[in-house]
Each structure stands twice: as structure tokens, then as C-alpha cells.
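What follows is structure.txt (compact mmCIF, C-alpha atoms).
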# COMPACT_ATOMS: atom_id res chain seq x y z
CA MET Z 1 41.16 -94.66 58.97
CA MET Z 2 38.16 -96.79 59.71
CA ALA Z 3 36.99 -97.67 63.16
CA GLN Z 4 37.27 -101.43 63.01
CA ALA Z 5 33.80 -102.49 64.08
CA GLU Z 6 32.66 -106.06 63.78
CA VAL Z 7 31.06 -106.32 60.40
CA SER Z 8 29.41 -109.55 59.37
CA LEU Z 9 28.83 -110.57 55.80
CA TRP Z 10 25.08 -110.22 56.39
CA LEU Z 11 25.58 -106.54 57.00
CA ALA Z 12 28.36 -105.87 54.52
CA VAL Z 13 26.62 -107.23 51.42
CA PRO Z 14 23.34 -105.25 51.65
CA VAL Z 15 25.17 -102.08 52.65
CA ALA Z 16 27.60 -102.50 49.76
CA LEU Z 17 24.81 -103.13 47.25
CA LEU Z 18 22.77 -100.15 48.45
CA LEU Z 19 25.79 -97.84 48.34
CA LEU Z 20 26.75 -98.90 44.84
CA ALA Z 21 23.17 -98.70 43.58
CA GLY Z 22 22.65 -95.25 45.03
CA SER Z 23 25.85 -93.76 43.70
CA ALA Z 24 25.36 -95.42 40.32
CA LEU Z 25 21.93 -93.80 40.09
CA ALA Z 26 23.46 -90.44 40.94
CA LEU Z 27 26.02 -90.95 38.18
CA VAL Z 28 23.30 -91.92 35.68
CA GLY Z 29 21.46 -88.75 36.61
CA SER Z 30 24.51 -86.62 35.99
CA ILE Z 31 25.18 -88.40 32.70
CA GLY Z 32 21.63 -87.49 31.78
CA LEU Z 33 22.47 -83.91 32.60
CA LEU Z 34 25.14 -84.14 29.91
CA ARG Z 35 23.32 -86.24 27.35
CA LEU Z 36 19.78 -84.92 27.20
CA HIS Z 37 19.25 -82.18 24.72
CA SER Z 38 16.93 -79.54 26.06
CA PHE Z 39 16.74 -77.88 29.44
CA TYR Z 40 13.26 -79.23 30.13
CA ASP Z 41 14.52 -82.78 29.53
CA ARG Z 42 17.56 -82.21 31.66
CA ILE Z 43 15.48 -81.07 34.61
CA HIS Z 44 14.38 -84.71 35.03
CA ALA Z 45 17.92 -86.04 35.31
CA PRO Z 46 18.82 -84.96 38.87
CA THR Z 47 15.60 -86.44 40.26
CA LEU Z 48 17.31 -89.83 39.98
CA ALA Z 49 19.82 -88.67 42.57
CA THR Z 50 17.30 -86.89 44.76
CA SER Z 51 14.83 -89.77 44.94
CA LEU Z 52 16.22 -93.28 44.86
CA GLY Z 53 19.90 -92.33 44.72
CA ILE Z 54 20.12 -90.56 48.03
CA GLY Z 55 17.43 -92.91 49.38
CA CYS Z 56 19.66 -95.95 48.86
CA VAL Z 57 22.65 -94.25 50.49
CA LEU Z 58 20.50 -93.18 53.45
CA VAL Z 59 19.14 -96.69 53.97
CA ALA Z 60 22.69 -98.05 53.78
CA SER Z 61 23.82 -95.56 56.38
CA MET Z 62 20.87 -96.34 58.68
CA LEU Z 63 21.52 -100.07 58.36
CA PHE Z 64 25.24 -99.77 58.99
CA PHE Z 65 25.04 -97.54 62.05
CA SER Z 66 22.03 -99.30 63.57
CA VAL Z 67 23.90 -102.63 63.49
CA THR Z 68 27.38 -101.43 64.45
CA GLN Z 69 26.16 -99.19 67.27
CA ALA Z 70 23.50 -101.70 68.39
CA ARG Z 71 20.79 -99.05 68.67
CA PRO Z 72 18.35 -97.70 66.09
CA VAL Z 73 19.98 -94.81 64.25
CA LEU Z 74 17.19 -93.14 62.33
CA HIS Z 75 18.25 -89.54 61.88
CA GLU Z 76 18.88 -90.20 58.19
CA LEU Z 77 15.10 -90.03 57.85
CA LEU Z 78 15.45 -86.28 58.32
CA ILE Z 79 17.51 -85.91 55.16
CA ALA Z 80 15.05 -88.14 53.29
CA ALA Z 81 12.07 -86.04 54.39
CA PHE Z 82 13.93 -82.85 53.62
CA MET Z 83 14.76 -84.06 50.12
CA VAL Z 84 11.18 -85.08 49.40
CA VAL Z 85 9.88 -81.69 50.50
CA THR Z 86 12.50 -79.44 48.89
CA THR Z 87 13.07 -81.05 45.49
CA PRO Z 88 9.62 -80.08 44.16
CA VAL Z 89 10.17 -76.51 45.34
CA THR Z 90 13.54 -76.06 43.68
CA LEU Z 91 12.57 -77.78 40.45
CA MET Z 92 9.29 -75.89 40.23
CA LEU Z 93 11.02 -72.56 40.78
CA LEU Z 94 13.70 -73.41 38.26
CA ALA Z 95 11.26 -74.67 35.62
CA ARG Z 96 9.08 -71.60 36.04
CA ALA Z 97 12.08 -69.31 35.75
CA ALA Z 98 13.18 -71.11 32.59
CA LEU Z 99 9.67 -70.92 31.12
CA TYR Z 100 9.47 -67.24 31.91
CA ARG Z 101 12.83 -66.54 30.33
CA ASP Z 102 11.96 -68.54 27.23
CA GLN Z 103 8.73 -66.65 26.84
CA GLN Z 104 10.42 -63.32 27.20
CA GLU Z 105 12.58 -64.32 24.27
CA GLY Z 106 9.58 -65.49 22.26
CA ASN Z 107 10.59 -69.15 22.12
CA PRO Z 108 7.64 -70.87 20.39
CA GLU Z 109 8.17 -74.28 21.99
CA VAL Z 110 6.98 -73.39 25.45
CA PRO Z 111 3.33 -73.14 26.50
CA PRO Z 112 1.97 -69.78 27.60
CA LEU Z 113 2.26 -69.08 31.28
CA PRO Z 114 -0.63 -67.34 32.96
CA PRO Z 115 0.36 -63.88 34.12
CA LEU Z 116 1.86 -63.75 37.57
CA PRO Z 117 -0.77 -62.08 39.74
CA ALA Z 118 1.74 -60.90 42.32
CA ARG Z 119 3.73 -59.13 39.68
CA GLU Z 120 0.94 -56.97 38.43
CA GLU Z 121 -0.49 -55.88 41.74
CA ARG Z 122 2.77 -54.83 43.25
CA PRO Z 123 3.65 -51.15 42.94
CA GLU Z 124 6.97 -50.54 41.29
CA GLY Z 125 10.03 -49.90 43.37
CA MET M 1 40.77 -115.28 54.44
CA THR M 2 38.24 -115.53 57.20
CA LEU M 3 34.64 -114.65 56.78
CA GLU M 4 35.08 -111.44 58.72
CA GLU M 5 37.95 -110.27 56.56
CA LEU M 6 35.86 -111.01 53.50
CA ALA M 7 33.00 -108.89 54.85
CA TRP M 8 35.44 -106.15 55.63
CA SER M 9 36.93 -106.08 52.16
CA VAL M 10 33.48 -106.21 50.51
CA LEU M 11 32.50 -103.15 52.51
CA SER M 12 35.65 -101.14 51.94
CA TRP M 13 35.76 -101.85 48.20
CA SER M 14 32.14 -100.87 47.80
CA LEU M 15 32.77 -97.68 49.77
CA LEU M 16 35.63 -96.85 47.45
CA GLY M 17 33.48 -97.66 44.42
CA ALA M 18 30.66 -95.47 45.67
CA GLN M 19 33.05 -92.60 46.25
CA ILE M 20 34.49 -92.92 42.74
CA LEU M 21 31.01 -93.03 41.19
CA LEU M 22 29.90 -89.98 43.15
CA VAL M 23 32.98 -87.99 42.26
CA ALA M 24 32.46 -88.89 38.60
CA SER M 25 28.87 -87.75 38.94
CA MET M 26 29.99 -84.45 40.41
CA GLY M 27 32.43 -84.12 37.54
CA CYS M 28 29.65 -84.55 34.97
CA ALA M 29 27.53 -81.97 36.76
CA ALA M 30 30.48 -79.58 37.00
CA PHE M 31 31.02 -79.94 33.27
CA ARG M 32 27.41 -79.02 32.63
CA ALA M 33 27.68 -76.10 35.05
CA LEU M 34 30.69 -74.74 33.19
CA ARG M 35 29.30 -75.34 29.74
CA GLY M 36 25.82 -73.96 30.27
CA PRO M 37 24.54 -73.05 27.70
CA ARG M 38 22.05 -71.04 29.72
CA ALA M 39 21.89 -69.83 33.28
CA GLN M 40 19.15 -72.29 34.28
CA ASP M 41 21.35 -75.20 33.16
CA ARG M 42 24.12 -73.99 35.39
CA VAL M 43 21.82 -73.64 38.39
CA LEU M 44 20.41 -77.14 37.82
CA ALA M 45 23.93 -78.57 37.63
CA LEU M 46 24.89 -76.77 40.82
CA ASP M 47 21.85 -78.23 42.59
CA THR M 48 22.89 -81.72 41.44
CA MET M 49 26.37 -81.13 42.79
CA TYR M 50 24.96 -80.21 46.20
CA VAL M 51 22.97 -83.43 46.37
CA ASN M 52 26.00 -85.45 45.27
CA ALA M 53 28.13 -83.75 47.90
CA ALA M 54 25.61 -84.67 50.58
CA MET M 55 25.72 -88.31 49.40
CA LEU M 56 29.52 -88.23 49.39
CA LEU M 57 29.53 -87.04 53.00
CA LEU M 58 27.18 -89.86 54.01
CA VAL M 59 29.47 -92.41 52.34
CA PHE M 60 32.42 -90.84 54.10
CA GLY M 61 30.53 -91.15 57.38
CA ILE M 62 30.13 -94.90 56.87
CA ARG M 63 33.81 -95.17 55.94
CA THR M 64 35.00 -93.52 59.14
CA GLY M 65 32.27 -95.07 61.27
CA SER M 66 31.27 -91.74 62.72
CA THR M 67 27.79 -90.26 62.73
CA HIS M 68 29.06 -86.69 62.72
CA TYR M 69 29.20 -86.56 58.93
CA PHE M 70 25.43 -86.87 58.96
CA GLU M 71 25.15 -83.34 60.27
CA ALA M 72 27.47 -82.04 57.58
CA ALA M 73 25.34 -83.80 54.96
CA LEU M 74 22.17 -82.26 56.38
CA LEU M 75 23.77 -78.82 56.29
CA ILE M 76 24.92 -79.24 52.70
CA ALA M 77 21.42 -80.29 51.71
CA LEU M 78 19.98 -77.23 53.47
CA LEU M 79 22.46 -74.88 51.84
CA GLY M 80 21.81 -76.43 48.46
CA PHE M 81 18.09 -75.83 48.78
CA VAL M 82 18.48 -72.21 49.85
CA ALA M 83 21.06 -71.49 47.17
CA THR M 84 19.03 -73.03 44.37
CA ALA M 85 15.81 -71.36 45.46
CA ALA M 86 17.53 -67.98 45.62
CA LEU M 87 19.19 -68.43 42.23
CA ALA M 88 15.94 -69.57 40.61
CA LYS M 89 14.18 -66.56 42.06
CA PHE M 90 16.93 -64.35 40.72
CA LEU M 91 16.51 -65.84 37.24
CA MET M 92 12.78 -65.19 37.40
CA ARG M 93 12.72 -61.66 38.71
CA GLY M 94 16.22 -60.33 38.47
CA GLU M 95 16.40 -59.85 42.23
CA VAL M 96 16.28 -62.07 45.29
CA ILE M 97 14.75 -59.97 48.04
CA GLU M 98 11.90 -57.70 47.04
CA MET V 1 -7.25 -77.65 74.14
CA ARG V 2 -7.35 -75.80 70.84
CA ARG V 3 -5.64 -72.82 72.44
CA LEU V 4 -2.90 -74.97 73.87
CA LEU V 5 -2.38 -77.16 70.82
CA PRO V 6 -3.71 -75.43 67.70
CA PHE V 7 -1.98 -77.72 65.17
CA PRO V 8 -1.59 -81.16 66.74
CA VAL V 9 -0.16 -82.91 63.66
CA PHE V 10 2.39 -80.16 63.13
CA ALA V 11 3.38 -80.07 66.80
CA VAL V 12 3.86 -83.83 66.98
CA SER V 13 5.95 -83.90 63.81
CA LEU V 14 8.11 -81.03 65.04
CA ALA V 15 8.73 -82.90 68.30
CA ALA V 16 9.52 -86.10 66.39
CA LEU V 17 11.92 -84.15 64.19
CA TRP V 18 13.79 -82.89 67.23
CA LEU V 19 13.97 -86.36 68.76
CA LEU V 20 15.35 -87.76 65.50
CA LEU V 21 17.93 -84.99 65.33
CA VAL V 22 19.31 -85.51 68.83
CA GLY V 23 18.83 -89.27 68.55
CA SER V 24 17.84 -90.01 72.12
CA VAL V 25 14.68 -90.44 74.21
CA LYS V 26 16.12 -89.27 77.52
CA PRO V 27 13.71 -87.23 79.69
CA GLY V 28 15.61 -84.03 78.92
CA SER V 29 15.31 -84.31 75.18
CA LEU V 30 11.68 -85.43 75.46
CA LEU V 31 10.92 -82.29 77.44
CA LEU V 32 12.72 -80.09 74.95
CA ALA V 33 10.91 -81.79 72.06
CA ALA V 34 7.54 -81.20 73.70
CA GLY V 35 8.52 -77.56 74.22
CA PHE V 36 9.48 -77.15 70.59
CA GLY V 37 6.26 -78.80 69.46
CA LEU V 38 4.11 -76.48 71.57
CA ALA V 39 6.05 -73.34 70.68
CA GLY V 40 6.03 -74.24 66.99
CA GLY V 41 2.26 -74.64 67.06
CA TRP V 42 1.79 -71.23 68.67
CA MET V 43 4.12 -69.60 66.18
CA LEU V 44 2.28 -71.18 63.28
CA VAL V 45 -0.94 -69.48 64.44
CA SER V 46 0.50 -66.09 63.61
CA LEU V 47 1.38 -67.28 60.11
CA THR V 48 -2.29 -68.22 59.48
CA PRO V 49 -1.78 -71.33 57.36
CA PRO V 50 -4.70 -72.40 55.14
CA ASP V 51 -7.33 -74.65 56.66
CA GLY V 52 -7.16 -78.33 56.10
CA ARG V 53 -6.93 -81.52 58.02
CA LEU V 54 -6.32 -85.15 57.43
CA ARG V 55 -9.70 -86.76 56.95
CA ARG V 56 -8.78 -90.37 56.61
CA LEU V 57 -5.49 -91.64 57.93
CA ALA V 58 -6.13 -95.21 56.81
CA GLY V 59 -5.27 -94.37 53.20
CA ILE V 60 -1.80 -93.07 53.97
CA PRO V 61 0.24 -96.31 54.32
CA ARG V 62 -1.23 -97.62 51.08
CA LEU V 63 -0.39 -94.38 49.31
CA LEU V 64 3.18 -94.43 50.61
CA GLY V 65 3.62 -98.00 49.42
CA LEU V 66 2.32 -97.06 46.01
CA VAL V 67 4.68 -94.07 45.86
CA LEU V 68 7.63 -96.32 46.73
CA VAL V 69 6.78 -98.77 43.95
CA GLU V 70 6.29 -95.92 41.49
CA VAL V 71 9.63 -94.34 42.47
CA LEU V 72 11.45 -97.63 41.86
CA ARG V 73 9.73 -98.18 38.52
CA SER V 74 10.20 -94.68 37.17
CA ASN V 75 13.84 -94.54 38.28
CA ALA V 76 14.45 -97.60 36.13
CA ASP V 77 12.53 -96.03 33.24
CA VAL V 78 14.40 -92.74 33.31
CA ALA V 79 17.77 -94.49 33.70
CA ARG V 80 16.93 -96.56 30.63
CA ILE V 81 16.02 -93.45 28.66
CA ILE V 82 19.27 -91.73 29.62
CA LEU V 83 21.51 -94.68 28.89
CA ARG V 84 19.83 -95.70 25.65
CA ARG V 85 22.46 -96.20 23.02
CA GLY V 86 22.70 -93.94 20.02
CA GLY V 87 20.84 -90.98 21.37
CA TRP V 88 17.09 -91.28 21.31
CA GLN V 89 14.53 -93.23 19.41
CA PRO V 90 11.26 -91.48 18.82
CA ARG V 91 10.61 -90.22 22.28
CA ARG V 92 8.77 -87.10 22.93
CA SER V 93 8.90 -84.96 25.96
CA GLY V 94 6.49 -82.17 26.50
CA PHE V 95 4.16 -80.18 28.63
CA VAL V 96 0.75 -81.41 29.72
CA ARG V 97 -1.90 -79.26 31.30
CA VAL V 98 -4.13 -81.18 33.66
CA ARG V 99 -7.38 -79.94 35.12
CA LEU V 100 -7.67 -80.94 38.76
CA GLN V 101 -10.65 -81.39 41.04
CA MET V 102 -8.70 -81.25 44.27
CA ARG V 103 -8.67 -77.85 45.96
CA SER V 104 -7.06 -78.64 49.30
CA PRO V 105 -3.68 -76.86 49.40
CA TYR V 106 -2.15 -79.67 51.43
CA GLY V 107 -3.37 -82.24 48.95
CA LEU V 108 -1.91 -80.21 46.09
CA ALA V 109 1.41 -79.93 47.93
CA ALA V 110 1.43 -83.69 48.45
CA LEU V 111 0.65 -84.20 44.77
CA ALA V 112 3.56 -81.92 43.81
CA CYS V 113 5.89 -83.90 46.08
CA ILE V 114 4.74 -87.23 44.65
CA LEU V 115 4.98 -86.15 41.03
CA THR V 116 8.42 -84.62 41.42
CA THR V 117 9.82 -87.48 43.51
CA THR V 118 8.95 -89.95 40.79
CA PRO V 119 11.52 -89.21 38.09
CA GLY V 120 10.17 -88.42 34.67
CA THR V 121 7.53 -85.93 35.73
CA VAL V 122 8.07 -82.42 37.03
CA TRP V 123 5.31 -80.19 38.32
CA VAL V 124 5.95 -76.82 36.70
CA GLU V 125 3.15 -74.54 37.60
CA TYR V 126 -0.27 -74.30 39.19
CA ASP V 127 -3.04 -71.96 38.18
CA SER V 128 -5.34 -71.43 41.15
CA VAL V 129 -8.03 -69.62 39.17
CA GLU V 130 -8.70 -72.42 36.71
CA ASN V 131 -7.38 -75.12 39.04
CA THR V 132 -5.08 -76.55 36.41
CA MET V 133 -1.48 -77.60 36.69
CA LEU V 134 1.27 -77.66 34.13
CA LEU V 135 3.41 -80.77 34.09
CA HIS V 136 6.52 -81.60 32.12
CA VAL V 137 6.81 -85.27 31.20
CA LEU V 138 10.03 -86.82 29.94
CA ASP V 139 8.44 -89.75 28.14
CA LEU V 140 5.20 -88.40 26.77
CA ILE V 141 3.87 -91.25 24.66
CA ASP V 142 0.22 -90.62 25.22
CA GLU V 143 -1.07 -87.44 26.74
CA GLU V 144 -4.45 -88.92 27.65
CA ALA V 145 -2.79 -91.81 29.46
CA TRP V 146 -0.76 -89.44 31.62
CA VAL V 147 -3.79 -87.40 32.57
CA GLY V 148 -5.54 -90.64 33.50
CA ILE V 149 -2.61 -91.79 35.64
CA ILE V 150 -2.49 -88.54 37.54
CA LYS V 151 -6.20 -88.35 38.14
CA ASP V 152 -6.89 -91.99 38.98
CA ARG V 153 -3.71 -93.06 40.68
CA TRP V 154 -2.85 -89.96 42.69
CA GLU V 155 -5.56 -87.33 42.76
CA ALA V 156 -8.40 -89.66 43.73
CA ARG V 157 -6.38 -91.17 46.58
CA LEU V 158 -5.18 -87.81 47.83
CA MET V 159 -8.71 -86.41 47.78
CA GLU V 160 -9.79 -89.34 49.89
CA ILE V 161 -7.18 -88.40 52.49
CA PHE V 162 -7.35 -84.62 52.42
CA GLU V 163 -10.91 -83.69 51.43
Turn this file's structure into C-alpha cells for me.
Amino acid sequence: MMAQAEVSLWLAVPVALLLLAGSALALVGSIGLLRLHSFYDRIHAPTLATSLGIGCVLVASMLFFSVTQARPVLHELLIAAFMVVTTPVTLMLLARAALYRDQQEGNPEVPPLPPLPAREERPEG
Amino acid sequence: MTLEELAWSVLSWSLLGAQILLVASMGCAAFRALRGPRAQDRVLALDTMYVNAAMLLLVFGIRTGSTHYFEAALLIALLGFVATAALAKFLMRGEVIE
Amino acid sequence: MRRLLPFPVFAVSLAALWLLLVGSVKPGSLLLAAGFGLAGGWMLVSLTPPDGRLRRLAGIPRLLGLVLVEVLRSNADVARIILRRGGWQPRRSGFVRVRLQMRSPYGLAALACILTTTPGTVWVEYDSVENTMLLHVLDLIDEEAWVGIIKDRWEARLMEIFE
């Protein structure tokens, strides 16, 4: 199933190591999702996959295609940039939603959230 | 075994290993998504699964030697972001579009 | 010049993004990229983004290098915490509220990206009235130390670049 390109050992070993490291980090992150005990701890677990995990796989892909196609293949940088920009947004939204829900239920472990200004000014409906 | 065959087998075994690790990772996340306990846990697990799926597509791209899987990975990442943002907003306000 | 190219940094990065996506530097794609850059800049005008510009570009490579090192280190730390045998030794996670000096929205966005990309810290919330942010830290040994890290390592450098 693989296009049999010429692959030298100098290419194969770094690509292999990067791939294994990246996917192992993703697995560790998901294990953390199972093992850590509160939601606010668990929210840290997927950042392993979104930072270095996918980073390693992207570098491996860039390396592999740049060498086998004999031209710089850099479009993986797009995914890297996208990940760096979007992960804070999703995690922030999720953490705020969780905080808000915990406060609504009167959970004493979470710090008070300042009132949402947009919520109060908006007319109902 | 020549040096080239050795390089080839190193690469294909590591690709297989990476795929197994990523599928296991998706399995863990799926377990958390099913088990909860709360809605935010499920959304977080779903987000993790999106990222893992994007990585899996990239690995698959290297395996087949085609750059087209890159676009699929980019799309999955985009969809994952939109889905998670919408779900988080829903958890916060009880509606997505106000 | 300002009419034609209101947001030069944005326009150039949009054009670069397009070139990366199509993966070629043929005249046709260069032309299209320039078109996208210009059009994107004009469209951004109607969205009225907050003011702000890069004051000092020289600090950026150093900052990126530092972020890379920090990402490597904190990935190892968080992986160790997750895989630690027998559950968890005394380890405390918790929220920290940090008072910031930086006001530039772009600097704050960059700070949020940096803090979330390094595993172990998640930016939860920002209060624009008091200029404080709420952070969740996985391995909160010493609250003072964390505040110091954020202010000295990141905020000072970002303020140098953005303010």
C-alpha cells in the first residue's frame, strides 16, 4: 500500500522516533484523562497531545515528505499554528463553562467568577 | 538484509506502532467520553479524540506517501475546534447562537 | 499606503498562509496570495480590531526558543505526574489569580497561547476591570513561585514586544 520511495536509514530513524514519541505522548495524555481525579486536573491531560504530541508527528511528516519529494513541504506548519491558536480558546471556554456550572450548583471548591458583563446587559429573549 | 530494507522496515514498524498507540489513545478518550461523569468531561474527551484523529490521518499520510491526507487532518482539526467551542458555549449558556 | 495596506502584518501572514496551503511559489499563486492579503486587510478594517502593534521584533525569536524549551520540559513533567505509580503523592492542583500589568490585547492573547501550550497550566479567565487572570495549575507546589514565573518569564518579555 505504500509508495516505495527511496528511504535511507538517516531519514527512517528520526521519522520513526518522532512518530513514536508523538503518539506515545498522545496516549499518555489520554491515560491522564482516565487517571486524574477531577475535571480541572483532567483538562491538562489533552494538552500533551495538542502541544508536543501533534508537534512531533507534524515534524516527522515535514521531514519525510521534504526528503522523499525533494522539495520543502511545509504546509504542516499550518496545523501547528492552528493548534497553538485554538487550544487556548477551547480549553478556556470549557474551563469557564465548568466553573460556571460548578458555581451554579454551589460547589465550594471553585473560586468565585466575576459576573459576566455581557449577560447582565443583554435584554432577555 | 540490505541497509535500504532495514530502513524500510524501521519506518513501517514505527508507523504501525504509532497507529496502535494513537488508536489506544482514542480508545481511552472514548471511554472517558462514555463514562462522563459530567458533560464537560465528555466534551473534553471528544476534543482529545479529534486531535488524535488528526494525528492518525497524518501518520496514515506518511504510510501511503501521499500529501492529500494533510488536508483531511486540517479539516478534522478545524471541525474539532468548531465543535468543541460550540459545545462549551452550550454548556455555559444553554444555547449556541444568541 | 495606510489606505491600501491597513494591517501589514496581518496581510503578509494571510498571504504566507495561502502560499503554505497551496505549497507553490508559481506566479499565479503569488498573485492570488497577494490578493488575499490585500482583501483580508480591507475586510479587517470593518471589524475594527483593537489597536496594537509589534514594538520590538528582536525579542520574538528568543521568546519562541524559550517557549519551545518550556513546552519540552513541562510535557515531561505532566507525563511524569500522569504515569506516577500508585496514584498521587502529595500534589496539589488549584487555581491561582494573578494580577497583570500588561494591557495590550495582543500581548494577553499571546500569553494565553503560551500558558495553554505548555502543559500543566490552563488560562481560565480574564477580568478586564481588575486586569487579573485566573489560572489553573496542575502541580501547584508554591503559589508565589508560579506568579513569579508568569510575571518574570513571560509577562515582562511580552510587554517588551507588544507595549
Margin query: For a quick test of understanding: name the residues of chain M lying within 12 Å of chain V when counting all atoms listed in the file, and present them as a ChimeraX atom specification.
Written below: /M:67-68,70-71,74
Same residues, C-alpha atoms, output as an mmCIF file, in the frame of the given file:
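Wrote it out as part_30.cif, contents follow:
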data_model
loop_
_atom_site.group_PDB
_atom_site.id
_atom_site.type_symbol
_atom_site.label_atom_id
_atom_site.label_comp_id
_atom_site.auth_asym_id
_atom_site.auth_seq_id
_atom_site.Cartn_x
_atom_site.Cartn_y
_atom_site.Cartn_z
ATOM 1 C CA THR M 67 27.790 -90.260 62.730
ATOM 2 C CA HIS M 68 29.060 -86.690 62.720
ATOM 3 C CA PHE M 70 25.430 -86.870 58.960
ATOM 4 C CA GLU M 71 25.150 -83.340 60.270
ATOM 5 C CA LEU M 74 22.170 -82.260 56.380
#
Item checked: Protein, DNA and RNA residues within 10 Å of (-1.9, -95.7, 40.3), all atoms listed in the file, as a ChimeraX atom specification -> /V:63,66-67,69-70,148-157
Check: Residues of chain V within 8 Å of chain Z, using all atoms listed in the file, as a list in words?
Finding: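 Matching residues, ligands excluded from the count: Leu17, Leu20, Leu21, Gly23, Val71, Leu72, Asn75, Val78, Ala79, Ile82, Leu83, Ser93, Phe95, Ala112, Cys113, Thr116, Thr117, Thr118, Pro119, Gly120, Thr121, Val122, Trp123, Val124, Glu125, Asp127, His136 and Leu138 of chain V.
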Notebook entry, point to check: Given the choices M:Leu79, M:Ala7, M:Ala72, M:Met49, which gets closest to chain Z if the distance is worked out from all atoms listed in the file?
Noted result: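 Residue with the minimum atom-to-atom distance to chain Z: M:Ala7.
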Notebook entry, point to check: Counting all atoms listed in the file, which of M:Val59, M:Leu44, M:Ala53, M:Val10 gets nearest to Ser61 (chain Z)?
Noted result: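 Answer, going by the shortest atom-to-atom distance: M:Val59.
Between CA of Thr90 (chain Z) and CA of Arg97 (chain V) there is a distance of 20.0 Å.
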Margin query: With 7 Å as the limit and counting only C-alpha atoms, what residues in chain M lie close to chain Z? Please list them as a ChimeraX atom specification.
Written below: /M:4,7-8,10-11,14,17-18,21-22,24-25,28-29,32,40-41,48,51,55,62-65,74,81,84-85,88-89,91-92
Margin query: What does the structure give for the distance between CA of Val23 (chain M) and CA of Leu57 (chain M), in Å to one decimal?
Written below: 11.3 Å
Note to self: Need the shell around Leu57 (chain V): protein/DNA/RNA residues with any atom at most 10 Å away, counting all atoms listed in the file. Skip same-chain ones fewer than 4 positions apart. Format as a list of chain:residue names?
What the structure shows: V:Pro61, V:Glu160, V:Ile161, V:Phe162
Next item on the list: Give me, please, the distance in Å between CA of Leu4 (chain V) and CA of Ala39 (chain V), quoted to one decimal.
Entry: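 It comes out at 9.6 Å.
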